[in-house]
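Next comes structure_28.txt, a file with compact mmCIF, C-alpha atoms.
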# COMPACT_ATOMS: atom_id res chain seq x y z
CA MET A 832 86.58 110.67 108.85
CA HIS A 833 87.89 107.35 107.61
CA ALA A 834 89.28 107.52 104.10
CA LEU A 835 92.10 106.34 101.93
CA TRP A 836 94.47 108.71 103.69
CA ARG A 837 94.05 106.68 106.89
CA LEU A 838 96.07 104.00 105.10
CA ALA A 839 98.75 106.52 104.44
CA ALA A 840 100.05 107.50 107.84
CA VAL A 841 103.26 109.53 107.77
CA SER A 842 106.31 107.34 107.37
CA ALA A 843 109.83 108.19 106.36
CA ALA A 844 110.64 104.88 104.67
CA THR A 845 111.21 105.01 100.92
CA ILE A 846 111.84 101.48 99.75
CA CYS A 847 111.19 100.83 96.10
CA GLY A 848 109.74 97.56 94.89
CA ILE A 849 109.14 95.88 91.60
CA VAL A 850 105.71 95.67 90.02
CA SER A 851 104.45 92.11 89.73
CA ALA A 852 101.25 91.66 87.81
CA ALA A 853 100.44 88.13 89.01
CA GLY A 854 101.13 87.85 92.71
CA ILE A 855 104.52 87.89 94.36
CA GLU A 856 107.45 85.72 93.33
CA ASP A 857 108.88 83.51 96.09
CA GLY A 858 112.24 85.28 96.10
CA GLU A 859 110.53 88.66 96.49
CA LYS A 860 108.38 87.74 99.47
CA ARG A 861 108.98 90.21 102.27
CA SER A 862 107.36 90.83 105.63
CA GLY A 863 105.91 94.26 106.43
CA PHE A 864 108.85 94.46 108.87
CA ASP A 865 111.26 94.94 105.96
CA PHE A 866 109.42 98.08 104.80
CA MET A 867 109.63 99.85 108.17
CA THR A 868 112.10 102.48 109.36
CA PRO A 869 115.07 101.22 111.41
CA GLU A 870 113.54 102.93 114.47
CA THR A 871 110.27 101.00 114.21
CA GLN A 872 112.16 97.79 113.47
CA ALA A 873 114.20 98.31 116.62
CA LEU A 874 111.02 98.82 118.63
CA GLN A 875 109.74 95.43 117.50
CA ALA A 876 113.03 93.59 117.84
CA ASP A 877 113.65 94.42 121.50
CA ASP A 878 111.19 92.68 123.84
CA MET A 879 111.85 95.30 126.51
CA SER A 880 110.64 98.11 124.26
CA ASN A 881 108.05 96.24 122.14
CA PRO A 882 104.70 97.47 123.53
CA GLY A 883 102.97 94.32 122.21
CA MET A 884 104.79 92.31 124.87
CA LEU A 885 102.46 93.82 127.49
CA TRP A 886 99.56 91.97 125.83
CA VAL A 887 101.61 88.76 125.66
CA LEU A 888 102.28 89.01 129.39
CA GLN A 889 98.61 89.66 130.11
CA GLY A 890 97.77 86.64 127.96
CA GLU A 891 100.14 84.50 129.99
CA GLN A 892 98.20 85.40 133.13
CA LEU A 893 94.83 84.74 131.50
CA TRP A 894 96.10 81.36 130.33
CA GLN A 895 96.49 80.31 133.98
CA GLN A 896 93.18 81.76 135.17
CA ALA A 897 90.18 79.46 135.79
CA GLU A 898 87.07 80.73 133.99
CA GLY A 899 83.41 79.98 133.38
CA ARG A 900 80.99 77.49 134.90
CA ALA A 901 83.51 74.72 134.32
CA ASP A 902 85.97 76.71 136.43
CA VAL A 903 88.92 75.58 134.35
CA ALA A 904 91.87 77.52 132.91
CA CYS A 905 93.30 77.15 129.38
CA ALA A 906 96.29 75.61 131.18
CA GLY A 907 93.92 73.05 132.75
CA CYS A 908 93.47 71.40 129.36
CA HIS A 909 96.57 72.52 127.47
CA ASP A 910 99.16 72.69 130.26
CA ASN A 911 102.34 74.52 129.30
CA ALA A 912 101.69 76.72 126.26
CA SER A 913 105.35 76.93 125.28
CA ARG A 914 105.10 73.21 124.51
CA THR A 915 101.47 72.63 123.53
CA MET A 916 100.86 75.84 121.54
CA ARG A 917 104.16 75.88 119.68
CA GLY A 918 103.48 75.94 115.93
CA VAL A 919 99.71 76.32 116.23
CA ALA A 920 99.51 79.91 114.94
CA ALA A 921 101.83 79.00 112.05
CA ARG A 922 99.20 76.67 110.58
CA TYR A 923 95.94 78.51 111.38
CA PRO A 924 93.14 79.07 110.21
CA ALA A 925 92.10 75.43 110.58
CA PHE A 926 89.01 73.52 109.47
CA GLU A 927 86.42 73.08 112.19
CA ALA A 928 84.31 70.04 111.43
CA ALA A 929 81.51 71.02 113.85
CA ARG A 930 80.77 74.18 111.85
CA GLY A 931 81.81 72.86 108.47
CA ARG A 932 84.05 75.85 107.89
CA PRO A 933 87.43 77.32 108.81
CA ILE A 934 88.07 79.03 112.11
CA ASP A 935 90.82 81.51 113.00
CA LEU A 936 92.90 81.50 116.17
CA ALA A 937 90.73 84.03 118.02
CA GLY A 938 87.65 82.04 116.96
CA ARG A 939 89.21 78.87 118.36
CA ILE A 940 90.00 80.59 121.66
CA ASN A 941 86.38 81.73 121.90
CA SER A 942 85.05 78.29 121.03
CA CYS A 943 87.21 76.77 123.80
CA ARG A 944 85.74 79.36 126.15
CA ALA A 945 82.19 78.48 125.18
CA GLU A 946 82.53 74.70 125.04
CA ARG A 947 85.24 73.82 127.58
CA GLN A 948 85.12 76.66 130.07
CA GLN A 949 81.42 77.38 129.61
CA ALA A 950 82.21 81.07 129.75
CA GLU A 951 80.91 83.97 127.68
CA ALA A 952 82.65 84.78 124.42
CA LEU A 953 85.28 87.51 124.58
CA ALA A 954 84.36 90.52 122.44
CA PRO A 955 86.31 91.16 119.22
CA GLU A 956 89.24 93.55 119.87
CA SER A 957 88.79 93.24 123.66
CA ASP A 958 92.08 93.36 125.53
CA ALA A 959 91.48 89.85 126.90
CA LEU A 960 90.93 88.25 123.48
CA LEU A 961 93.87 90.13 121.93
CA ALA A 962 96.06 89.18 124.89
CA LEU A 963 95.23 85.46 124.74
CA THR A 964 95.60 85.40 120.95
CA ALA A 965 98.92 87.26 121.14
CA TYR A 966 100.16 84.87 123.86
CA VAL A 967 99.25 81.77 121.85
CA ALA A 968 100.64 83.18 118.57
CA HIS A 969 103.82 84.28 120.34
CA GLN A 970 104.58 80.59 121.03
CA SER A 971 105.18 80.25 117.26
CA ARG A 972 107.44 83.29 116.90
CA GLY A 973 110.29 82.51 114.50
CA MET A 974 108.52 79.52 112.93
CA PRO A 975 107.70 79.53 109.21
CA ILE A 976 104.06 80.02 108.23
CA THR A 977 102.92 76.57 107.06
CA PRO A 978 99.22 76.69 106.18
CA ALA A 979 97.18 73.60 106.96
CA THR A 980 96.82 71.35 103.91
CA ASP A 981 93.35 70.01 104.85
CA PRO A 982 91.57 69.69 101.48
CA ARG A 983 88.31 70.85 103.07
CA LEU A 984 89.89 74.32 103.36
CA ALA A 985 90.38 74.67 99.60
CA PRO A 986 87.01 76.18 98.63
CA PHE A 987 87.28 78.75 101.42
CA ARG A 988 90.83 79.66 100.44
CA ASP A 989 89.66 80.04 96.83
CA ASN A 990 86.92 82.37 97.99
CA GLY A 991 89.56 84.35 99.88
CA ARG A 992 91.61 84.71 96.72
CA ARG A 993 88.55 85.84 94.82
CA LEU A 994 87.81 88.47 97.48
CA PHE A 995 91.44 89.60 97.40
CA GLN A 996 91.20 90.19 93.67
CA SER A 997 87.75 91.84 93.59
CA ARG A 998 87.51 95.59 93.19
CA ILE A 999 85.41 97.13 95.93
CA GLY A 1000 84.34 100.46 97.40
CA GLN A 1001 83.74 103.85 95.84
CA LEU A 1002 87.43 103.91 94.84
CA ASP A 1003 87.01 100.59 93.03
CA LEU A 1004 90.31 99.02 94.12
CA SER A 1005 91.12 95.42 95.06
CA CYS A 1006 93.55 94.24 97.70
CA ALA A 1007 95.65 92.96 94.80
CA SER A 1008 95.70 96.45 93.17
CA CYS A 1009 97.87 97.60 96.03
CA HIS A 1010 99.47 94.52 97.60
CA ASP A 1011 100.24 92.37 94.52
CA ASP A 1012 100.71 95.03 91.85
CA ASN A 1013 102.09 98.06 93.71
CA TRP A 1014 103.83 96.94 96.89
CA GLY A 1015 106.97 98.88 97.69
CA LYS A 1016 105.56 102.09 96.21
CA ARG A 1017 104.19 104.83 98.40
CA LEU A 1018 100.54 105.64 98.99
CA GLY A 1019 100.88 109.16 100.35
CA GLY A 1020 103.49 108.91 103.10
CA SER A 1021 103.18 105.12 103.63
CA VAL A 1022 105.02 102.33 101.88
CA ILE A 1023 102.56 99.69 100.66
CA PRO A 1024 103.64 96.34 102.15
CA GLN A 1025 102.87 92.94 100.63
CA ALA A 1026 100.08 92.30 103.16
CA HIS A 1027 101.57 89.28 104.90
CA PRO A 1028 99.77 88.40 108.14
CA THR A 1029 103.01 87.56 109.95
CA GLY A 1030 102.73 89.62 113.10
CA TYR A 1031 99.15 89.58 114.41
CA PRO A 1032 97.89 90.55 116.86
CA LEU A 1033 100.33 93.47 116.59
CA TYR A 1034 100.95 96.90 118.03
CA ARG A 1035 100.22 99.62 115.50
CA LEU A 1036 101.64 103.06 116.25
CA GLU A 1037 98.70 104.74 114.53
CA TRP A 1038 96.23 102.80 116.71
CA GLN A 1039 98.37 103.25 119.82
CA THR A 1040 97.28 99.78 120.81
CA VAL A 1041 97.31 96.14 119.79
CA GLY A 1042 94.86 95.05 117.09
CA SER A 1043 93.88 91.92 115.20
CA LEU A 1044 94.36 91.01 111.55
CA GLN A 1045 90.62 91.53 111.10
CA ARG A 1046 90.95 95.11 112.32
CA ARG A 1047 93.71 95.67 109.74
CA LEU A 1048 91.64 94.17 106.91
CA ARG A 1049 88.64 96.28 107.90
CA ASN A 1050 90.87 99.40 107.86
CA CYS A 1051 91.97 98.65 104.30
CA MET A 1052 88.33 98.16 103.24
CA VAL A 1053 87.29 101.44 104.84
CA GLY A 1054 90.24 103.08 103.06
CA VAL A 1055 88.75 102.30 99.67
CA ARG A 1056 85.34 103.48 100.93
CA ALA A 1057 83.84 99.99 101.10
CA GLU A 1058 81.52 98.63 103.78
CA PRO A 1059 83.89 96.47 105.85
CA PHE A 1060 82.99 92.87 106.73
CA ALA A 1061 81.90 92.60 110.38
CA PHE A 1062 84.36 91.25 112.95
CA GLY A 1063 84.06 87.46 112.90
CA ALA A 1064 82.52 87.40 109.40
CA PRO A 1065 83.37 84.22 107.45
CA GLU A 1066 84.75 86.33 104.58
CA LEU A 1067 87.52 87.69 106.82
CA VAL A 1068 88.60 84.15 107.71
CA ASP A 1069 88.54 83.20 104.01
CA LEU A 1070 90.74 86.22 103.25
CA GLU A 1071 93.12 85.16 106.02
CA LEU A 1072 93.37 81.68 104.45
CA HIS A 1073 94.47 83.26 101.18
CA LEU A 1074 96.89 85.60 102.96
CA THR A 1075 98.56 82.77 104.89
CA GLU A 1076 99.00 80.81 101.64
CA ARG A 1077 100.64 83.87 100.01
CA ALA A 1078 102.86 84.25 103.07
CA ARG A 1079 103.92 80.58 103.23
CA GLY A 1080 107.48 80.33 104.54
CA LEU A 1081 107.69 83.79 106.14
CA LEU A 1082 108.32 83.74 109.88
CA VAL A 1083 105.75 84.42 112.59
CA GLU A 1084 106.62 87.71 114.38
CA THR A 1085 103.86 88.08 116.98
CA PRO A 1086 103.76 90.55 118.57
CA ALA A 1087 104.94 92.70 115.64
CA VAL A 1088 105.01 96.51 115.57
CA ARG A 1089 103.74 98.42 112.52
CA PRO A 1090 103.50 102.14 111.73
CA MET B 920 103.05 103.65 73.57
CA MET B 921 100.28 101.19 72.74
CA ARG B 922 97.73 103.52 74.26
CA VAL B 923 98.22 106.12 71.52
CA ALA B 924 97.16 103.63 68.84
CA PHE B 925 94.26 102.53 70.96
CA LEU B 926 93.05 106.08 71.44
CA ALA B 927 93.14 106.79 67.71
CA LEU B 928 90.57 104.04 67.21
CA MET B 929 88.12 105.43 69.67
CA GLY B 930 86.55 108.18 67.64
CA LEU B 931 83.47 109.97 68.92
CA GLN B 932 81.30 108.29 71.49
CA LEU B 933 78.52 109.29 73.80
CA ALA B 934 78.90 108.19 77.39
CA ALA B 935 76.07 108.27 79.86
CA SER B 936 77.35 107.85 83.40
CA PRO B 937 75.92 104.63 84.84
CA GLY B 938 73.43 104.96 87.66
CA ALA B 939 73.41 108.71 87.01
CA GLY B 940 72.79 110.25 90.42
CA GLU B 941 71.72 113.87 90.62
CA GLU B 942 75.35 114.95 90.74
CA THR B 943 76.51 113.25 87.54
CA GLY B 944 75.39 114.25 84.10
CA SER B 945 76.18 112.79 80.70
CA TYR B 946 79.11 113.96 78.63
CA VAL B 947 80.48 113.49 75.15
CA VAL B 948 83.86 111.81 74.60
CA THR B 949 85.76 112.92 71.51
CA GLY B 950 88.89 110.86 70.88
CA ASP B 951 90.68 110.82 74.22
CA ALA B 952 89.05 114.02 75.50
CA ILE B 953 85.86 115.57 76.84
CA MET B 954 85.77 118.95 75.10
CA GLN B 955 82.78 120.49 76.88
CA PRO B 956 82.86 121.45 80.59
CA LEU B 957 80.80 119.09 82.77
CA VAL B 958 78.91 122.03 84.25
CA GLY B 959 78.43 125.61 83.05
CA GLY B 960 80.98 128.27 83.85
CA LYS B 961 84.78 128.16 83.91
CA GLY B 962 86.54 126.27 86.69
CA ASP B 963 88.45 128.18 89.36
CA PRO B 964 92.15 127.22 89.21
CA ALA B 965 92.87 128.46 92.75
CA ARG B 966 90.14 126.28 94.18
CA GLY B 967 91.32 123.40 92.00
CA GLY B 968 94.87 123.74 93.32
CA ALA B 969 93.63 123.52 96.89
CA LEU B 970 91.41 120.54 96.08
CA ILE B 971 94.26 118.60 94.45
CA SER B 972 96.18 118.76 97.73
CA ASP B 973 93.17 117.75 99.82
CA ARG B 974 94.18 114.26 100.91
CA GLN B 975 90.76 113.41 102.23
CA ARG B 976 88.53 114.70 99.46
CA SER B 977 90.32 114.44 96.11
CA LEU B 978 92.98 111.93 97.24
CA CYS B 979 95.10 112.91 94.19
CA THR B 980 98.41 113.28 96.05
CA LEU B 981 98.04 109.87 97.68
CA CYS B 982 99.11 108.53 94.29
CA HIS B 983 100.54 111.51 92.34
CA SER B 984 103.43 113.86 92.98
CA GLY B 985 103.64 117.32 91.44
CA PRO B 986 104.19 121.00 92.27
CA PHE B 987 102.01 120.75 95.39
CA PRO B 988 102.75 121.33 99.10
CA ASP B 989 104.00 118.57 101.43
CA ALA B 990 106.08 116.70 98.85
CA HIS B 991 107.10 114.09 101.45
CA LEU B 992 103.45 112.97 101.61
CA HIS B 993 103.08 112.49 97.85
CA GLY B 994 102.52 108.98 96.60
CA THR B 995 104.64 107.19 93.99
CA LEU B 996 101.84 105.15 92.41
CA ALA B 997 101.16 107.45 89.46
CA PRO B 998 102.86 109.85 87.00
CA ASP B 999 104.17 113.18 88.31
CA LEU B 1000 101.75 115.93 87.33
CA THR B 1001 104.41 118.65 86.88
CA GLY B 1002 103.86 120.32 83.51
CA VAL B 1003 100.79 118.19 82.73
CA GLY B 1004 99.14 121.23 81.10
CA ALA B 1005 101.88 121.24 78.47
CA ARG B 1006 101.44 117.53 77.71
CA LEU B 1007 97.65 117.34 77.72
CA SER B 1008 94.82 119.70 76.72
CA GLY B 1009 92.08 120.66 79.17
CA GLY B 1010 89.73 118.24 77.43
CA GLN B 1011 92.22 115.38 77.72
CA ILE B 1012 92.78 116.10 81.41
CA ARG B 1013 88.99 116.21 81.92
CA LEU B 1014 88.47 112.69 80.54
CA ARG B 1015 91.38 111.33 82.60
CA VAL B 1016 89.86 112.61 85.84
CA VAL B 1017 86.29 111.71 84.86
CA ASP B 1018 87.02 108.13 83.80
CA MET B 1019 90.61 106.96 83.35
CA LYS B 1020 89.33 103.38 82.94
CA ARG B 1021 88.09 104.35 79.49
CA LEU B 1022 91.70 104.80 78.38
CA ALA B 1023 93.37 102.21 80.60
CA PRO B 1024 90.78 99.60 81.65
CA ASN B 1025 92.94 98.10 84.42
CA THR B 1026 94.14 101.37 85.88
CA ILE B 1027 94.10 101.92 89.64
CA MET B 1028 93.08 105.56 89.16
CA PRO B 1029 89.47 105.89 90.38
CA SER B 1030 86.83 107.16 87.95
CA TYR B 1031 85.94 110.40 89.71
CA TYR B 1032 82.65 111.14 87.97
CA ARG B 1033 81.06 107.72 88.07
CA VAL B 1034 78.68 106.10 90.51
CA ALA B 1035 80.11 102.66 91.34
CA ASP B 1036 77.24 101.10 93.28
CA GLU B 1037 77.04 97.81 91.36
CA GLN B 1038 76.20 94.66 93.30
CA GLY B 1039 79.17 93.23 95.17
CA ARG B 1040 81.07 96.51 95.25
CA ARG B 1041 80.12 97.03 98.91
CA VAL B 1042 80.30 100.83 98.58
CA ALA B 1043 80.01 102.23 102.13
CA THR B 1044 76.69 103.92 102.92
CA ALA B 1045 78.20 107.38 103.24
CA TRP B 1046 79.56 107.22 99.68
CA ARG B 1047 76.73 105.40 97.93
CA SER B 1048 74.97 106.93 94.91
CA LYS B 1049 77.50 109.70 94.49
CA PRO B 1050 80.55 110.23 92.35
CA ILE B 1051 83.85 110.91 94.18
CA LEU B 1052 83.86 114.53 92.99
CA SER B 1053 81.15 116.77 91.57
CA GLY B 1054 81.28 118.22 88.06
CA ALA B 1055 82.15 121.65 89.51
CA ASP B 1056 85.03 120.16 91.55
CA ILE B 1057 86.41 118.47 88.44
CA GLU B 1058 86.17 121.70 86.41
CA ASP B 1059 88.23 123.49 89.10
CA ILE B 1060 90.86 120.73 88.97
CA VAL B 1061 90.95 120.80 85.15
CA ALA B 1062 91.40 124.58 85.16
CA TYR B 1063 94.28 124.26 87.61
CA LEU B 1064 96.06 121.32 85.91
CA ALA B 1065 95.71 122.93 82.46
CA SER B 1066 97.61 125.93 83.86
CA LEU B 1067 100.65 123.77 84.81
CA LYS B 1068 102.74 124.44 81.73
CA GLY B 1069 106.19 123.51 82.95
Now, as a test, write the supplied structure out as structure tokens.
Amino acid sequence: MHALWRLAAVSAATICGIVSAAGIEDGEKRSGFDFMTPETQALQADDMSNPGMLWVLQGEQLWQQAEGRADVACAGCHDNASRTMRGVAARYPAFEAARGRPIDLAGRINSCRAERQQAEALAPESDALLALTAYVAHQSRGMPITPATDPRLAPFRDNGRRLFQSRIGQLDLSCASCHDDNWGKRLGGSVIPQAHPTGYPLYRLEWQTVGSLQRRLRNCMVGVRAEPFAFGAPELVDLELHLTERARGLLVETPAVRP
Amino acid sequence: MMRVAFLALMGLQLAASPGAGEETGSYVVTGDAIMQPLVGGKGDPARGGALISDRQRSLCTLCHSGPFPDAHLHGTLAPDLTGVGARLSGGQIRLRVVDMKRLAPNTIMPSYYRVADEQGRRVATAWRSKPILSGADIEDIVAYLASLKG
């Protein structure tokens, strides 16, 4: 049964934070990485042991593979990802004029599949979509998160902030209740991080696989006994816009490891 | 503490639980307490002790520490409940579990005896139209916590 305790997987870390009523001060901004045990940090830091690297490698293969009725690979249009995709994940979600709303990285990959490759969309949380997203995001590893400044994003980002601050679920808690006001404290056995989307897609030990940011956000919603937004729902992209703004300046870690 | 002054102003009020499902009844708030049990009969402290430590049903130890098993899994989001029965009466404990928001409007502690189905809350289907705990569950917890004298 999904419940709040799913958020509170056993963890030995006991870092103590400071309560901040109105968001997080710049000097206090910390990645989820900083709240992990040294063992889990070491797992992420070493590419040979980081299980997320398997998805990055699979993504590298898919990048080269011709697909769809157009029989073209991602590389056919974008060439060498280490050059053309560098920095892209650091500024996503971006505004997509055709739809009149923001799109996240996985959404962009799927729209390239549909429009350029004329292939079927990859399912949310499928290995192929996670692998391609991880491969593209990995090209920005170490770069500071620098959200796009396109003014057309503003209303969506505002909606994301509103969602972040709204109490939901039977437990009547908001994202901010935990991640702005109580980060660094423990919920059961787990330290509450600041909710920075620095490492996605990432390998979560509890999942024993790689998952997207949307999967993480849905987990937190289920934890407070709320009906989670569906994968691909516009609200999840709006929330991501707010999260990237909060995380501005932190470094991209993809593929991260989390407990 | 500011809250003490605030509580003194509250006096006697009648609270009907909003959206009263079949499992929630109304109760009378006197000062910062609910003097009458929510359901007939005395709570069972042994059952209450087990329920407090039930991380999936009561969720208490996700936030609170106290004289309960598995201390390494206790949260640090809320006051330690050791000796709470010496600090608070049974009636005071009852109101805090039933509806802490009455005393601290911005608290993160869920209101355990309230149906929170309002528009926009997105309460998941499985939990809709019910309080987190039943009146009998809360009476068991009150009986147990009131017995923690030190």
Write out as an mmCIF file with C-alpha atoms, keeping the file's coordinate frame the residues lying within 8 Å of range 924-929 of chain A, counting all atoms listed in the file and excluding same-chain residues fewer than 6 positions away.
data_model
loop_
_atom_site.group_PDB
_atom_site.id
_atom_site.type_symbol
_atom_site.label_atom_id
_atom_site.label_comp_id
_atom_site.auth_asym_id
_atom_site.auth_seq_id
_atom_site.Cartn_x
_atom_site.Cartn_y
_atom_site.Cartn_z
ATOM 1 C CA ASP A 935 90.820 81.510 113.000
ATOM 2 C CA LEU A 936 92.900 81.500 116.170
ATOM 3 C CA PRO A 978 99.220 76.690 106.180
ATOM 4 C CA ALA A 979 97.180 73.600 106.960
ATOM 5 C CA ASP A 981 93.350 70.010 104.850
ATOM 6 C CA ARG A 983 88.310 70.850 103.070
ATOM 7 C CA LEU A 984 89.890 74.320 103.360
ATOM 8 C CA VAL A 1068 88.600 84.150 107.710
ATOM 9 C CA GLU A 1071 93.120 85.160 106.020
ATOM 10 C CA LEU A 1072 93.370 81.680 104.450
#
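For the choices B:Ser1008, B:Gln975, B:Ser1048, B:Gln1038, the atom-to-atom distance to chain A is smallest for B:Gln975 when using all atoms listed in the file.
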Which residue, B:Thr949, B:Gln1011, B:Ser1053, B:Ser1030, has the smallest gap to chain A when you use all atoms listed in the file? B:Ser1030
All residues 12 Å or closer to Leu981 in chain B, all atoms listed in the file, same chain fewer than 3 positions away omitted, as a ChimeraX atom specification: /A:834-841,1016-1023,1054 /B:971-978,984-985,987,989-999,1027-1029
What is the CA of Ala965 in chain B to CA of Ile1060 in chain B distance in Å?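 About the pair CA of Ala965 in chain B and CA of Ile1060 in chain B: they are 8.8 Å apart.
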Because some atoms of range 946-953 of chain B are absent here, can you restore all heavy atoms and send them as a compact mmCIF listing (two decimals), in the coordinates of the input?
# COMPACT_ATOMS: atom_id res chain seq x y z
N TYR B 946 78.07 113.14 79.27
CA TYR B 946 79.11 113.96 78.63
C TYR B 946 79.50 113.28 77.33
O TYR B 946 79.27 112.08 77.15
CB TYR B 946 80.32 114.13 79.55
CG TYR B 946 80.80 112.84 80.16
CD1 TYR B 946 81.67 111.99 79.47
CD2 TYR B 946 80.36 112.43 81.42
CE1 TYR B 946 82.09 110.80 80.01
CE2 TYR B 946 80.78 111.23 81.97
CZ TYR B 946 81.64 110.42 81.26
OH TYR B 946 82.06 109.23 81.80
N VAL B 947 80.10 114.03 76.45
CA VAL B 947 80.48 113.49 75.15
C VAL B 947 81.99 113.30 75.10
O VAL B 947 82.75 114.23 75.42
CB VAL B 947 80.04 114.45 74.02
CG1 VAL B 947 80.54 113.94 72.67
CG2 VAL B 947 78.53 114.60 74.02
N VAL B 948 82.43 112.09 74.73
CA VAL B 948 83.86 111.81 74.60
C VAL B 948 84.26 111.93 73.14
O VAL B 948 83.66 111.31 72.27
CB VAL B 948 84.18 110.39 75.11
CG1 VAL B 948 85.66 110.06 74.92
CG2 VAL B 948 83.78 110.25 76.58
N THR B 949 85.26 112.75 72.87
CA THR B 949 85.76 112.92 71.51
C THR B 949 87.22 112.49 71.49
O THR B 949 88.06 113.16 72.11
CB THR B 949 85.68 114.40 71.09
OG1 THR B 949 84.36 114.89 71.37
CG2 THR B 949 85.98 114.56 69.61
N GLY B 950 87.52 111.37 70.83
CA GLY B 950 88.89 110.86 70.88
C GLY B 950 89.24 110.51 72.30
O GLY B 950 88.52 109.74 72.95
N ASP B 951 90.32 111.11 72.82
CA ASP B 951 90.68 110.82 74.22
C ASP B 951 90.38 112.05 75.09
O ASP B 951 91.09 112.30 76.06
CB ASP B 951 92.14 110.39 74.34
CG ASP B 951 93.11 111.54 74.15
OD1 ASP B 951 92.73 112.52 73.49
OD2 ASP B 951 94.23 111.46 74.68
N ALA B 952 89.34 112.79 74.75
CA ALA B 952 89.05 114.02 75.50
C ALA B 952 87.56 114.22 75.70
O ALA B 952 86.73 113.62 75.01
CB ALA B 952 89.62 115.23 74.75
N ILE B 953 87.22 115.04 76.68
CA ILE B 953 85.86 115.57 76.84
C ILE B 953 86.00 117.07 76.62
O ILE B 953 86.59 117.76 77.46
CB ILE B 953 85.29 115.28 78.24
CG1 ILE B 953 85.21 113.78 78.51
CG2 ILE B 953 83.89 115.91 78.39
CD1 ILE B 953 84.83 113.42 79.95
